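K.L.:
Mind looking over this structure? Questions follow.
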Number of protein chains: 4
Amino acid sequence: VAERGTRVGFIGLGRMGVPMAVNLARAGFDLAVWNRTRARCRPLEQEGARVAADPADLAAGVEVIVTMVADPAAAEAVYLGEHGALQALPDGSTAIDMSTIGPNAVGRLAAAASARGIAFLDAPVSGSVSVAEAAQLTAMVGGPPEAFERVRPVLAAMTAKQIYLGRSGSGATMKLAYNAMIALTNEAISEALVLTERAGIARADAYDVLAAGVLASPFLDYKRDAFLEPDRQAVAFTTALMQKDLALALELGRTLDVPMPATAASNEVLTLARRLGYGDGDLARVADTLRGHPARD
Amino acid sequence: VAERGTRVGFIGLGRMGVPMAVNLARAGFDLAVWNRTRARCRPLEQEGARVAADPADLAAGVEVIVTMVADPAAAEAVYLGEHGALQALPDGSTAIDMSTIGPNAVGRLAAAASARGIAFLDAPVSGSVSVAEAAQLTAMVGGPPEAFERVRPVLAAMTAKQIYLGRSGSGATMKLAYNAMIALTNEAISEALVLTERAGIARADAYDVLAAGVLASPFLDYKRDAFLEPDRQAVAFTTALMQKDLALALELGRTLDVPMPATAASNEVLTLARRLGYGDGDLARVADTLRGHPARD
Amino acid sequence: VAERGTRVGFIGLGRMGVPMAVNLARAGFDLAVWNRTRARCRPLEQEGARVAADPADLAAGVEVIVTMVADPAAAEAVYLGEHGALQALPDGSTAIDMSTIGPNAVGRLAAAASARGIAFLDAPVSGSVSVAEAAQLTAMVGGPPEAFERVRPVLAAMTAKQIYLGRSGSGATMKLAYNAMIALTNEAISEALVLTERAGIARADAYDVLAAGVLASPFLDYKRDAFLEPDRQAVAFTTALMQKDLALALELGRTLDVPMPATAASNEVLTLARRLGYGDGDLARVADTLRGHPARD
Amino acid sequence: VAERGTRVGFIGLGRMGVPMAVNLARAGFDLAVWNRTRARCRPLEQEGARVAADPADLAAGVEVIVTMVADPAAAEAVYLGEHGALQALPDGSTAIDMSTIGPNAVGRLAAAASARGIAFLDAPVSGSVSVAEAAQLTAMVGGPPEAFERVRPVLAAMTAKQIYLGRSGSGATMKLAYNAMIALTNEAISEALVLTERAGIARADAYDVLAAGVLASPFLDYKRDAFLEPDRQAVAFTTALMQKDLALALELGRTLDVPMPATAASNEVLTLARRLGYGDGDLARVADTLRGHPARD
């Protein structure tokens with residue numbers, strides 16, 4: 001089992017990756033990092049981490065490698081590309097991908113890892129940047145159970161919960177289903193809010209009712225400002241990013257013969273949102289899309 | 001302002017109505033009740049309430065009347081039918097309808113009340129039977145603000161929160177939007193659950209993940225058993241009843257030019273659920289509907 | 001059986017009603033007419049028709065009455081309102097409603113007619129104004145079969161086909177299903193056209209392909225200009241009128257446990273079209289709606 | 001320009017490919033053929049065609065190559081795989097893919113062809129086997145216009161119309177849009193038919209009305225038996241195959257920011273159809289799916 005001092009490599013220092021890696025360093029792991037843009041390694045250097053030259057260089061000396069990248073293409077490049085990590089990982093080491101890349105990409109990476117005798121876990125997380133900073137993320141884990149047990153302390157340094165879901169790809173699948181449910185919840189808020197608003201109820205009053213009853217959730221709490229004042233809020237999660245995940249979820253539904261009619265309807269609303277110019281806007285722009293905005297302005 | 005001893009009439013002693021009326025009696029109001037099926041008045045008689053002969057008889061002697069009935073037709077019968085309440089209510093009294101009947105029916109009743117000089121409030125509630133027993137319901141209120149202030153103590157005897165939303169019909173509209181959001185949340189759980197299940201993840205594990213993250217809500221908590229063991233659970237809210245409310249919500253959306261594509265998709269799934277024989281089943285049967293069950297059994 | 005010289009009354013001289021009534025007059029029936037706006041009776045006077053003072057006056061002297069009005073409310077006013085036709089129709093006469101009012105309204109009118117000993121047929125038609133002028137409409141007929149046989153010559157004077165579909169309401173139901181299929185065909189054209197256009201294919205070229213293959217239909221032919229040059233064409237059938245019919249069709253589906261997911265999706269697009277200001281626009285504006293127009297202009 | 005005697009190679013002798021290749025042979029082209037399963041080459045040998053050993057062998061001696069295969073993977077194998085055609089095609093020759101593979105796969109093949117100095121056209125066709133036999137197909141063509149003019153006689157031997165739509169991929173895109181419109185038309189028939197049937201109208205009567213009016217089309221004609229007696233008819237086009245094309249169409253819509261809400265809804269119905277066991281059934285099984293069949297049997 002991994003413990004303080006275990007050599008861990010971390011690739012992917014984006015908005016989520018930096019606080020996750022910082023938590024690894026502070027938990028006492030012997031950390032090496034790599035990122036395509038080297039400048040983003042600086043906060044980790046300050047935590048005492050070594051900066052590797054490339055994924056292979058990073059992989060050569062570690063027992064556990066963690067990746068947190070943008071999409072399937074980035075994950076495949078980091079593991080399988082030139083100077084990729086997989087060729088260099090020592091026998092018996094474990095790879096953990098925490099990105100949202102879907103079970104198909106996980107399948108390809110896990111097969112390649114397995115061919116090299118490396119255990120591969122998919123362990124995407126739910127939670128935002130502030131949740132990552134507090135090490136309060138939830139990890140959804142798929143892959144060999146003994147590998148999970150071995151690296152659980154590594155996951156526990158970054159997350160509050162580590163839920164083991166079964167064979168390889170289970171974590172990736174669960175994450176897609178989870179994001180589909182977030183997208184539908186966001187759509188549900190939008191439809192309810194625009195309906196009541198058009199009926200003359202103040203937006204804030206309607207939101208208070210929705211957020212106060214049996215549907216009250218952390219999500220409703222932290223989206224409040226985005227829905228009430230969409231023009232004044234920072235973007236938390238864009239419609240375009242969500243649509244990437246919905247496309248993977250719907251493709252999976254098709255493969256597994258699972259009808260997802262409301263997710264499909266919601267996905268088309270995201271397309272319309274992007275059509276209206278909200279591709280880089282927050283999910284709360286779905287309400288503006290249903291309003292016919294900006295057509296009316 | 002209504003206070004202890006104020007004469008209040010209550011019509012509609014269904015599963016929700018009984019605990020609501022009991023709470024009125026225990027709060028010290030001078031209560032009269034009426035119900036189509038007289039037997040259901042018994043628990044209120046035990047609380048000291050008088051049982052009226054018909055709605056008009058009940059209305060004749062009260063300052064405030066509260067109605068909690070099944071649908072628009074029942075509400076119109078009780079207020080406007082033969083021996084209806086409206087003709088008998090004293091000048092200056094106030095009528096509060098707490099049913100889920102939609103803003104159109106509210107509009108007709110409020111107009112008839114207004115013509116007779118009676119103030120009319122729509123104040124539907126969110127919450128289940130156990131919440132009603134604990135007087136922890138939330139009331140969503142529309143109508144003349146001074147009438148609301150006057151009868152607020154009556155509402156407060158039955159509910160924990162009384163949210164005033166504006167002109168007549170606002171409460172009814174908010175309730176429809178609220179139920180549409182519940183239906184979509186239920187649909188979202190169903191789609192996520194069936195997707196993960198078909199991918200090989202245990203139903204309970206997937207539910208735990210959905211219910212533990214940012215989407216955690218009282219609704220997810222209390223539907224857990226219904227989704228995990230649909231054949232063994234009591235029915236809380238049927239697909240057929242929810243569809244009645246969705247039909248009103250979608251009709252309102254059409255009237256107000258508000259597209260509700262995911263609600264509409266979810267509504268058609270409820271139709272299919274009823275087609276498959278789940279009309280009297282719990283909302284959680286939506287998951288079975290997406291499973292193609294009972295086709296597979 | 002009705003023959004030349006049979007006294008026939010006709011109510012509802014709108015865009016469709018005038019050519020239908022003219023065809024009745026020219027077929028040799030002894031025609032009386034009534035219309036809310038008297039000026040619209042003039043072309044019929046020129047054909048030798050008598051103009052009645054009100055529906056009851058018209059009904060008093062006829063063996064067959066034909067109505068072609070805008071909606072259920074107008075039909076109920078004409079038959080059941082003050083000076084309505086039903087009270088005045090002679091024993092043994094037959095009423096034919098050719099409007100699009102749905103099976104519920106037909107049920108109410110047929111029951112009232114039956115109570116008075118009058119046979120009632122629902123016989124809505126498919127076809128446009130020019131088709132009506134050429135007496136080439138198709139009638140979809142529900143009601144007592146012997147009444148249908150009796151008045152078939154009256155229908156044959158206005159229509160090329162009279163399809164008997166069964167019990168009262170069958171014609172009204174068939175018409176709703178027919179219009180739902182038109183709405184979905186219109187939506188299908190719109191989705192295909194906007195997709196190919198955004199991929200760089202000229203709108204006219206794409207339309208030619210769609211209209212030339214196995215989907216070639218009179219509808220695709222006559223909508224061509226509306227889709228290719230939406231800003232320059234007269235409006236044939238508005239999105240708002242179609243949505244009235246879709247609402248009736250979806251309500252019927254709900255009542256009969258028939259899921260109509262694509263019709264429901266298409267209906268929400270019509271709502272968005274109206275939201276964007278296309279309520280009085282032609283059905284072809286659905287394509288503009290999917291384009292995000294006028295947001296982009 | 002290609003003329004009688006021009007050496008043409010044809011790959012892919014499936015149900016559509018055989019009659020297309022036969023028509024090429026009968027038009028006087030000097031034909032070579034190849035098919036993965038050699039037995040299917042026999043009818044072409046009888047027409048005097050040479051049977052090649054592999055795609056490269058076939059390609060070596062031709063001026064024009066035509067491919068008609070099942071999916072993108074098959075097309076890529078035939079052109080780019082071991083013993084693939086592309087490496088062997090002579091300079092200045094032209095490749096025409098007539099399969100339904102979508103614009104992305106076309107893009108990859110066209111780029112590879114271009115790198116070798118070969119002109120590549122995408123020219124998928126609409127029409128069934130009997131239409132192919134009669135050389136009455138419609139080809140939708142994308143690619144270099146001069147290549148199109150050069151090989152038009154080859155296309156004309158197999159098709160009645162050759163519609164040039166623009167740059168490479170335009171034919172593939174048009175075909176996806178066309179099939180999406182077929183899927184929606186099929187869904188529209190299904191919804192209308194089940195609605196009227198549940199209202200008591202005989203299935204055949206309802207179909208006659210739908211197929212006789214402004215929506216009358218060859219498609220409605222030839223699907224009649226499949227909808228009226230689904231258990232007794234041969235399968236023309238399976239739900240699973242259509243869903244493959246819809247998936248490509250919806251992915252394209254997402255890429256191009258085109259909302260396709262009714263296509264998306266219809267696609268989820270196809271998923272449910274497959275879930276109920278109709279994956280290898282005809283498109284008309286969509287009606288059974290909406291009926292909740294086989295759940296009721």
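Labels used: A, B, ... for chains in the order of the structure tokens, numbers from 1 for residues in each chain, and numbers from 1 for ligands as shown.
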Give me, as a CSV table (one decimal) with N, CA, C and O atoms, in the first residue's frame, the contact residues of chain A against chain B at a cut-off of 7 Å, counting only C-alpha atoms.
P.N.:
chain,number,residue,atom,x,y,z
A,165,LEU,N,-16.4,1.1,-7.9
A,165,LEU,CA,-17.6,0.7,-8.6
A,165,LEU,C,-17.5,-0.5,-9.5
A,165,LEU,O,-18.5,-0.9,-10.1
A,166,GLY,N,-16.3,-1.1,-9.6
A,166,GLY,CA,-16.2,-2.3,-10.4
A,166,GLY,C,-15.1,-2.3,-11.4
A,166,GLY,O,-14.2,-1.5,-11.3
A,170,SER,N,-15.7,1.6,-15.1
A,170,SER,CA,-16.9,1.9,-14.3
A,170,SER,C,-16.8,3.3,-13.8
A,170,SER,O,-17.8,4.0,-13.7
A,173,THR,N,-17.7,5.6,-16.6
A,173,THR,CA,-19.1,5.6,-17.0
A,173,THR,C,-19.9,6.3,-15.9
A,173,THR,O,-20.8,7.1,-16.2
A,174,MET,N,-19.6,6.1,-14.6
A,174,MET,CA,-20.3,6.8,-13.6
A,174,MET,C,-20.2,8.3,-13.7
A,174,MET,O,-21.2,9.0,-13.5
A,177,ALA,N,-22.6,9.6,-16.4
A,177,ALA,CA,-24.0,9.6,-15.9
A,177,ALA,C,-24.2,10.7,-14.9
A,177,ALA,O,-25.2,11.4,-14.9
A,178,TYR,N,-23.2,10.9,-14.1
A,178,TYR,CA,-23.3,12.0,-13.1
A,178,TYR,C,-23.4,13.4,-13.8
A,178,TYR,O,-24.2,14.2,-13.5
A,181,MET,N,-26.7,13.9,-15.3
A,181,MET,CA,-27.7,14.3,-14.3
A,181,MET,C,-27.5,15.8,-13.9
A,181,MET,O,-28.5,16.5,-13.7
A,184,LEU,N,-29.1,17.8,-16.7
A,184,LEU,CA,-30.6,17.8,-16.7
A,184,LEU,C,-31.1,18.6,-15.5
A,184,LEU,O,-32.2,19.3,-15.6
A,185,THR,N,-30.4,18.6,-14.4
A,185,THR,CA,-30.8,19.5,-13.3
A,185,THR,C,-30.7,20.9,-13.7
A,185,THR,O,-31.6,21.7,-13.4
A,188,ALA,N,-33.6,21.7,-15.8
A,188,ALA,CA,-34.8,21.7,-15.1
A,188,ALA,C,-34.9,23.1,-14.4
A,188,ALA,O,-36.0,23.7,-14.4
A,189,ILE,N,-33.8,23.5,-13.8
A,189,ILE,CA,-33.9,24.9,-13.1
A,189,ILE,C,-34.2,25.9,-14.2
A,189,ILE,O,-35.1,26.8,-14.0
A,191,GLU,N,-35.9,25.7,-17.1
A,191,GLU,CA,-37.3,25.6,-17.6
A,191,GLU,C,-38.2,26.2,-16.5
A,191,GLU,O,-39.1,27.0,-16.8
A,192,ALA,N,-38.0,25.8,-15.3
A,192,ALA,CA,-38.8,26.3,-14.2
A,192,ALA,C,-38.7,27.8,-14.0
A,192,ALA,O,-39.7,28.5,-13.8
A,194,VAL,N,-37.6,30.2,-16.2
A,194,VAL,CA,-38.2,31.0,-17.3
A,194,VAL,C,-39.7,31.0,-17.3
A,194,VAL,O,-40.3,32.0,-17.5
A,195,LEU,N,-40.3,29.8,-16.9
A,195,LEU,CA,-41.7,29.7,-16.9
A,195,LEU,C,-42.3,30.7,-15.8
A,195,LEU,O,-43.2,31.4,-16.1
A,196,THR,N,-41.7,30.6,-14.6
A,196,THR,CA,-42.3,31.5,-13.6
A,196,THR,C,-42.0,32.9,-13.8
A,196,THR,O,-42.9,33.8,-13.6
A,198,ARG,N,-41.8,34.4,-16.8
A,198,ARG,CA,-42.7,34.9,-17.8
A,198,ARG,C,-44.1,35.0,-17.2
A,198,ARG,O,-45.0,35.8,-17.7
A,201,ILE,N,-43.4,36.2,-11.9
A,201,ILE,CA,-42.8,36.0,-10.6
A,201,ILE,C,-41.3,36.4,-10.6
A,201,ILE,O,-40.6,36.1,-11.6
A,205,ASP,N,-37.3,35.2,-6.3
A,205,ASP,CA,-38.3,34.6,-5.5
A,205,ASP,C,-38.5,33.1,-5.9
A,205,ASP,O,-38.6,32.2,-5.1
A,210,LEU,N,-37.4,27.1,-5.4
A,210,LEU,CA,-36.8,25.8,-6.0
A,210,LEU,C,-35.7,25.3,-5.0
A,210,LEU,O,-35.6,24.1,-4.9
A,214,VAL,N,-37.6,20.1,-1.2
A,214,VAL,CA,-37.0,18.8,-1.2
A,214,VAL,C,-35.9,18.7,-2.3
A,214,VAL,O,-35.1,17.7,-2.3
A,215,LEU,N,-35.8,19.7,-3.2
A,215,LEU,CA,-34.8,19.6,-4.2
A,215,LEU,C,-33.5,20.4,-3.8
A,215,LEU,O,-32.6,20.4,-4.6
A,216,ALA,N,-33.6,21.0,-2.6
A,216,ALA,CA,-32.4,21.8,-2.2
A,216,ALA,C,-31.1,20.9,-2.3
A,216,ALA,O,-31.1,19.8,-1.8
A,217,SER,N,-30.1,21.5,-2.9
A,217,SER,CA,-28.8,20.8,-3.1
A,217,SER,C,-27.7,21.8,-3.1
A,217,SER,O,-27.9,23.0,-3.4
A,218,PRO,N,-26.5,21.3,-2.9
A,218,PRO,CA,-25.3,22.2,-3.0
A,218,PRO,C,-25.3,22.8,-4.4
A,218,PRO,O,-25.0,24.0,-4.6
A,219,PHE,N,-25.7,22.1,-5.5
A,219,PHE,CA,-25.7,22.6,-6.8
A,219,PHE,C,-26.6,23.8,-6.9
A,219,PHE,O,-26.2,24.9,-7.5
A,253,GLY,N,-25.1,5.5,-24.1
A,253,GLY,CA,-26.5,5.0,-24.0
A,253,GLY,C,-26.9,4.2,-25.2
A,253,GLY,O,-27.6,3.2,-25.2
A,256,LEU,N,-25.3,0.8,-25.2
A,256,LEU,CA,-25.9,-0.1,-24.2
A,256,LEU,C,-27.4,-0.2,-24.3
A,256,LEU,O,-28.0,-0.8,-23.4
A,258,VAL,N,-29.7,2.1,-23.9
A,258,VAL,CA,-30.4,2.8,-22.8
A,258,VAL,C,-31.0,4.1,-23.4
A,258,VAL,O,-30.3,5.0,-23.8
A,259,PRO,N,-32.3,4.2,-23.5
A,259,PRO,CA,-32.9,5.4,-24.0
A,259,PRO,C,-32.7,6.6,-23.0
A,259,PRO,O,-32.9,6.3,-21.8
A,260,MET,N,-32.3,7.7,-23.4
A,260,MET,CA,-32.1,8.9,-22.6
A,260,MET,C,-32.7,10.1,-23.2
A,260,MET,O,-32.1,11.1,-23.5
A,261,PRO,N,-34.1,10.1,-23.2
A,261,PRO,CA,-34.8,11.1,-24.0
A,261,PRO,C,-34.6,12.5,-23.4
A,261,PRO,O,-34.5,13.5,-24.2
A,262,ALA,N,-34.6,12.6,-22.1
A,262,ALA,CA,-34.5,14.0,-21.6
A,262,ALA,C,-33.1,14.5,-21.7
A,262,ALA,O,-32.9,15.7,-22.0
A,265,ALA,N,-32.8,15.7,-25.2
A,265,ALA,CA,-33.5,17.0,-25.4
A,265,ALA,C,-32.6,18.1,-24.9
A,265,ALA,O,-32.5,19.1,-25.5
A,266,SER,N,-32.1,17.8,-23.7
A,266,SER,CA,-31.2,18.9,-23.1
A,266,SER,C,-30.0,19.1,-23.9
A,266,SER,O,-29.5,20.3,-24.0
A,290,LEU,N,-33.5,29.6,-23.5
A,290,LEU,CA,-35.0,29.3,-23.5
A,290,LEU,C,-35.7,30.7,-23.5
A,290,LEU,O,-36.9,30.7,-24.0
K.L.:
For Phe29 (chain A), which residue out of A:Ala132, A:Leu283, A:Val154, A:Leu86 is the nearest one, using only C-alpha atoms?
P.N.:
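Checking each of A:Ala132, A:Leu283, A:Val154, A:Leu86 against Phe29 (chain A), counting only C-alpha atoms, the winner is A:Val154.
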K.L.:
Determine which residues of region 104-269 of chain D DSSP labels as alpha helix (DSSP H) from the backbone of this structure, then write them out as a PyMOL selection string.
P.N.:
chain D and resi 104-115+129-133+145-158+170-198+203-212+218-228+239-255+261-269
K.L.:
Which neighbours of Glu229 (chain A) fall inside 10 Å, counting only C-alpha atoms, when residues of the same chain fewer than 4 positions from it are skipped, and could you give them as a list in words?
P.N.:
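In the requested form, the answer reads Arg203, Ala204, Arg224, Asp225, Gln233 and Ala284 of chain A.
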K.L.:
Work out how far apart CA of Ile96 (chain A) and CA of Phe10 (chain A) are and give it in Å to one decimal.
P.N.:
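These atoms are spaced 9.5 Å apart.
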K.L.:
Which residues come within 6 Å of region 53-58 of chain C, counting only C-alpha atoms, excluding same-chain residues fewer than 5 positions away, as JSON, numbers by chain?
P.N.:
{"C": [83, 84, 85, 88]}
K.L.:
I need the strand (DSSP E or B) residues of region 34-181 of chain C per DSSP on the backbone, written as an MDAnalysis selection string.
P.N.:
chainID C and resid 34 50:51 64:67 94:97 119:122 125:126 137:142 159:166
K.L.:
What is the distance, in Å and to one decimal place, between CA of Val131 (chain B) and CA of Ala240 (chain B)?
P.N.:
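For CA of Val131 (chain B) relative to CA of Ala240 (chain B), the distance reads 22.0 Å.
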K.L.:
Between CA of Leu270 (chain D) and CA of Leu241 (chain D), measure the distance and give it in Å to one decimal.
P.N.:
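If I compute the distance from CA of Leu270 (chain D) to CA of Leu241 (chain D), I get 10.1 Å.
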K.L.:
Write out as an mmCIF file with N, CA, C and O atoms, in the first residue's frame each polymer residue whose atoms come within 12 Å of His293 (chain D), counting only C-alpha atoms; drop sequence neighbours fewer than 4 positions from it.
P.N.:
data_model
loop_
_atom_site.group_PDB
_atom_site.id
_atom_site.type_symbol
_atom_site.label_atom_id
_atom_site.label_comp_id
_atom_site.auth_asym_id
_atom_site.auth_seq_id
_atom_site.Cartn_x
_atom_site.Cartn_y
_atom_site.Cartn_z
ATOM 1 N N LEU B 272 -45.500 6.689 -21.682
ATOM 2 C CA LEU B 272 -45.077 5.313 -21.948
ATOM 3 C C LEU B 272 -45.159 4.471 -20.672
ATOM 4 O O LEU B 272 -45.576 3.308 -20.711
ATOM 5 N N ARG B 275 -48.578 3.486 -20.299
ATOM 6 C CA ARG B 275 -48.852 2.485 -21.343
ATOM 7 C C ARG B 275 -48.385 1.108 -20.916
ATOM 8 O O ARG B 275 -48.986 0.093 -21.255
ATOM 9 N N LEU B 276 -47.269 1.062 -20.193
ATOM 10 C CA LEU B 276 -46.711 -0.220 -19.768
ATOM 11 C C LEU B 276 -47.365 -0.727 -18.491
ATOM 12 O O LEU B 276 -46.983 -1.766 -17.960
ATOM 13 N N GLY B 277 -48.348 0.024 -17.970
ATOM 14 C CA GLY B 277 -49.074 -0.445 -16.804
ATOM 15 C C GLY B 277 -48.630 0.166 -15.488
ATOM 16 O O GLY B 277 -49.018 -0.296 -14.419
ATOM 17 N N GLY B 292 -37.194 -0.953 -20.404
ATOM 18 C CA GLY B 292 -37.990 -1.782 -21.298
ATOM 19 C C GLY B 292 -38.753 -2.831 -20.512
ATOM 20 O O GLY B 292 -39.418 -3.691 -21.079
ATOM 21 N N HIS B 293 -38.674 -2.779 -19.216
ATOM 22 C CA HIS B 293 -39.423 -3.620 -18.301
ATOM 23 C C HIS B 293 -40.890 -3.224 -18.411
ATOM 24 O O HIS B 293 -41.164 -2.036 -18.526
ATOM 25 N N PRO B 294 -41.867 -4.111 -18.355
ATOM 26 C CA PRO B 294 -41.727 -5.532 -18.083
ATOM 27 C C PRO B 294 -41.487 -6.361 -19.338
ATOM 28 O O PRO B 294 -41.576 -7.581 -19.271
ATOM 29 N N ALA B 295 -41.181 -5.705 -20.454
ATOM 30 C CA ALA B 295 -41.021 -6.449 -21.699
ATOM 31 C C ALA B 295 -40.020 -7.595 -21.560
ATOM 32 O O ALA B 295 -40.138 -8.617 -22.208
ATOM 33 N N ARG B 296 -39.039 -7.394 -20.714
ATOM 34 C CA ARG B 296 -37.955 -8.373 -20.602
ATOM 35 C C ARG B 296 -38.279 -9.489 -19.620
ATOM 36 O O ARG B 296 -37.484 -10.384 -19.455
ATOM 37 N N VAL C 258 -50.654 7.194 -25.524
ATOM 38 C CA VAL C 258 -49.804 7.056 -26.708
ATOM 39 C C VAL C 258 -48.641 8.040 -26.620
ATOM 40 O O VAL C 258 -48.846 9.246 -26.728
ATOM 41 N N VAL D 194 -50.416 5.016 -34.296
ATOM 42 C CA VAL D 194 -50.746 4.453 -32.980
ATOM 43 C C VAL D 194 -51.809 5.317 -32.296
ATOM 44 O O VAL D 194 -52.712 4.808 -31.627
ATOM 45 N N PRO D 230 -46.800 -5.834 -39.482
ATOM 46 C CA PRO D 230 -45.361 -5.867 -39.189
ATOM 47 C C PRO D 230 -44.823 -7.281 -38.994
ATOM 48 O O PRO D 230 -43.648 -7.525 -39.255
ATOM 49 N N LEU D 272 -34.891 2.612 -27.779
ATOM 50 C CA LEU D 272 -35.887 1.820 -27.057
ATOM 51 C C LEU D 272 -36.340 0.632 -27.908
ATOM 52 O O LEU D 272 -36.529 -0.482 -27.396
ATOM 53 N N ALA D 273 -36.493 0.850 -29.199
ATOM 54 C CA ALA D 273 -36.877 -0.243 -30.102
ATOM 55 C C ALA D 273 -35.846 -1.367 -30.009
ATOM 56 O O ALA D 273 -36.198 -2.545 -29.880
ATOM 57 N N ARG D 275 -33.837 -1.906 -27.555
ATOM 58 C CA ARG D 275 -33.971 -2.444 -26.194
ATOM 59 C C ARG D 275 -35.072 -3.492 -26.106
ATOM 60 O O ARG D 275 -34.979 -4.455 -25.349
ATOM 61 N N LEU D 276 -36.149 -3.271 -26.867
ATOM 62 C CA LEU D 276 -37.289 -4.190 -26.828
ATOM 63 C C LEU D 276 -37.086 -5.383 -27.752
ATOM 64 O O LEU D 276 -37.962 -6.229 -27.883
ATOM 65 N N GLY D 277 -35.927 -5.438 -28.411
ATOM 66 C CA GLY D 277 -35.633 -6.598 -29.234
ATOM 67 C C GLY D 277 -35.865 -6.392 -30.724
ATOM 68 O O GLY D 277 -35.864 -7.344 -31.497
ATOM 69 N N TYR D 278 -36.067 -5.147 -31.150
ATOM 70 C CA TYR D 278 -36.356 -4.866 -32.554
ATOM 71 C C TYR D 278 -35.138 -4.370 -33.335
ATOM 72 O O TYR D 278 -35.301 -3.734 -34.385
ATOM 73 N N ARG D 285 -41.137 -1.077 -36.960
ATOM 74 C CA ARG D 285 -41.249 -1.538 -35.570
ATOM 75 C C ARG D 285 -41.287 -0.373 -34.589
ATOM 76 O O ARG D 285 -41.587 -0.569 -33.398
ATOM 77 N N VAL D 286 -40.976 0.808 -35.051
ATOM 78 C CA VAL D 286 -41.120 1.988 -34.190
ATOM 79 C C VAL D 286 -42.563 2.097 -33.710
ATOM 80 O O VAL D 286 -42.817 2.466 -32.558
ATOM 81 N N ALA D 287 -43.515 1.774 -34.573
ATOM 82 C CA ALA D 287 -44.920 1.813 -34.138
ATOM 83 C C ALA D 287 -45.153 0.814 -33.010
ATOM 84 O O ALA D 287 -45.793 1.134 -32.005
ATOM 85 N N ASP D 288 -44.625 -0.392 -33.140
ATOM 86 C CA ASP D 288 -44.772 -1.379 -32.061
ATOM 87 C C ASP D 288 -44.116 -0.873 -30.772
ATOM 88 O O ASP D 288 -44.612 -1.134 -29.676
ATOM 89 N N THR D 289 -43.020 -0.183 -30.919
ATOM 90 C CA THR D 289 -42.324 0.357 -29.750
ATOM 91 C C THR D 289 -43.219 1.358 -29.017
ATOM 92 O O THR D 289 -43.321 1.328 -27.787
ATOM 93 N N ASP D 297 -48.041 -8.393 -24.921
ATOM 94 C CA ASP D 297 -48.393 -9.700 -25.485
ATOM 95 C C ASP D 297 -47.980 -10.853 -24.579
ATOM 96 O O ASP D 297 -47.310 -10.658 -23.590
#
K.L.:
Which neighbours of Ala147 (chain C) fall inside 8 Å, counting only C-alpha atoms, when residues of the same chain fewer than 2 positions from it are skipped, and could you give them as a list in words?
P.N.:
Thr94, Ala119, Phe120, Leu121, Gly143, Pro144, Pro145, Glu149, Arg150 and Val151 of chain C
K.L.:
Need the shell around Ala247 (chain C): protein/DNA/RNA residues with any atom at most 8 Å away, counting only C-alpha atoms. Skip same-chain ones fewer than 4 positions apart. Format as a ChimeraX atom specification?
P.N.:
/B:251 /C:243,251,267
K.L.:
Could you save those same residues with N, CA and C atoms as a PDB file, in the first residue's frame?
P.N.:
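Below is the file selection03.pdb, written as the result:
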ATOM      1  N   GLU B 251     -48.930  23.205 -20.722  1.00  0.00           N
ATOM      2  CA  GLU B 251     -49.946  24.090 -21.304  1.00  0.00           C
ATOM      3  C   GLU B 251     -49.621  25.551 -20.952  1.00  0.00           C
TER       4      GLU B 251
ATOM      5  N   GLN C 243     -49.699  25.044 -33.736  1.00  0.00           N
ATOM      6  CA  GLN C 243     -49.493  24.651 -32.351  1.00  0.00           C
ATOM      7  C   GLN C 243     -50.818  24.381 -31.637  1.00  0.00           C
ATOM      8  N   GLU C 251     -52.613  16.260 -26.221  1.00  0.00           N
ATOM      9  CA  GLU C 251     -53.557  15.999 -25.129  1.00  0.00           C
ATOM     10  C   GLU C 251     -54.276  14.679 -25.371  1.00  0.00           C
ATOM     11  N   ASN C 267     -43.292  20.313 -31.041  1.00  0.00           N
ATOM     12  CA  ASN C 267     -44.179  21.309 -30.443  1.00  0.00           C
ATOM     13  C   ASN C 267     -43.385  22.359 -29.656  1.00  0.00           C
TER      14      ASN C 267
END
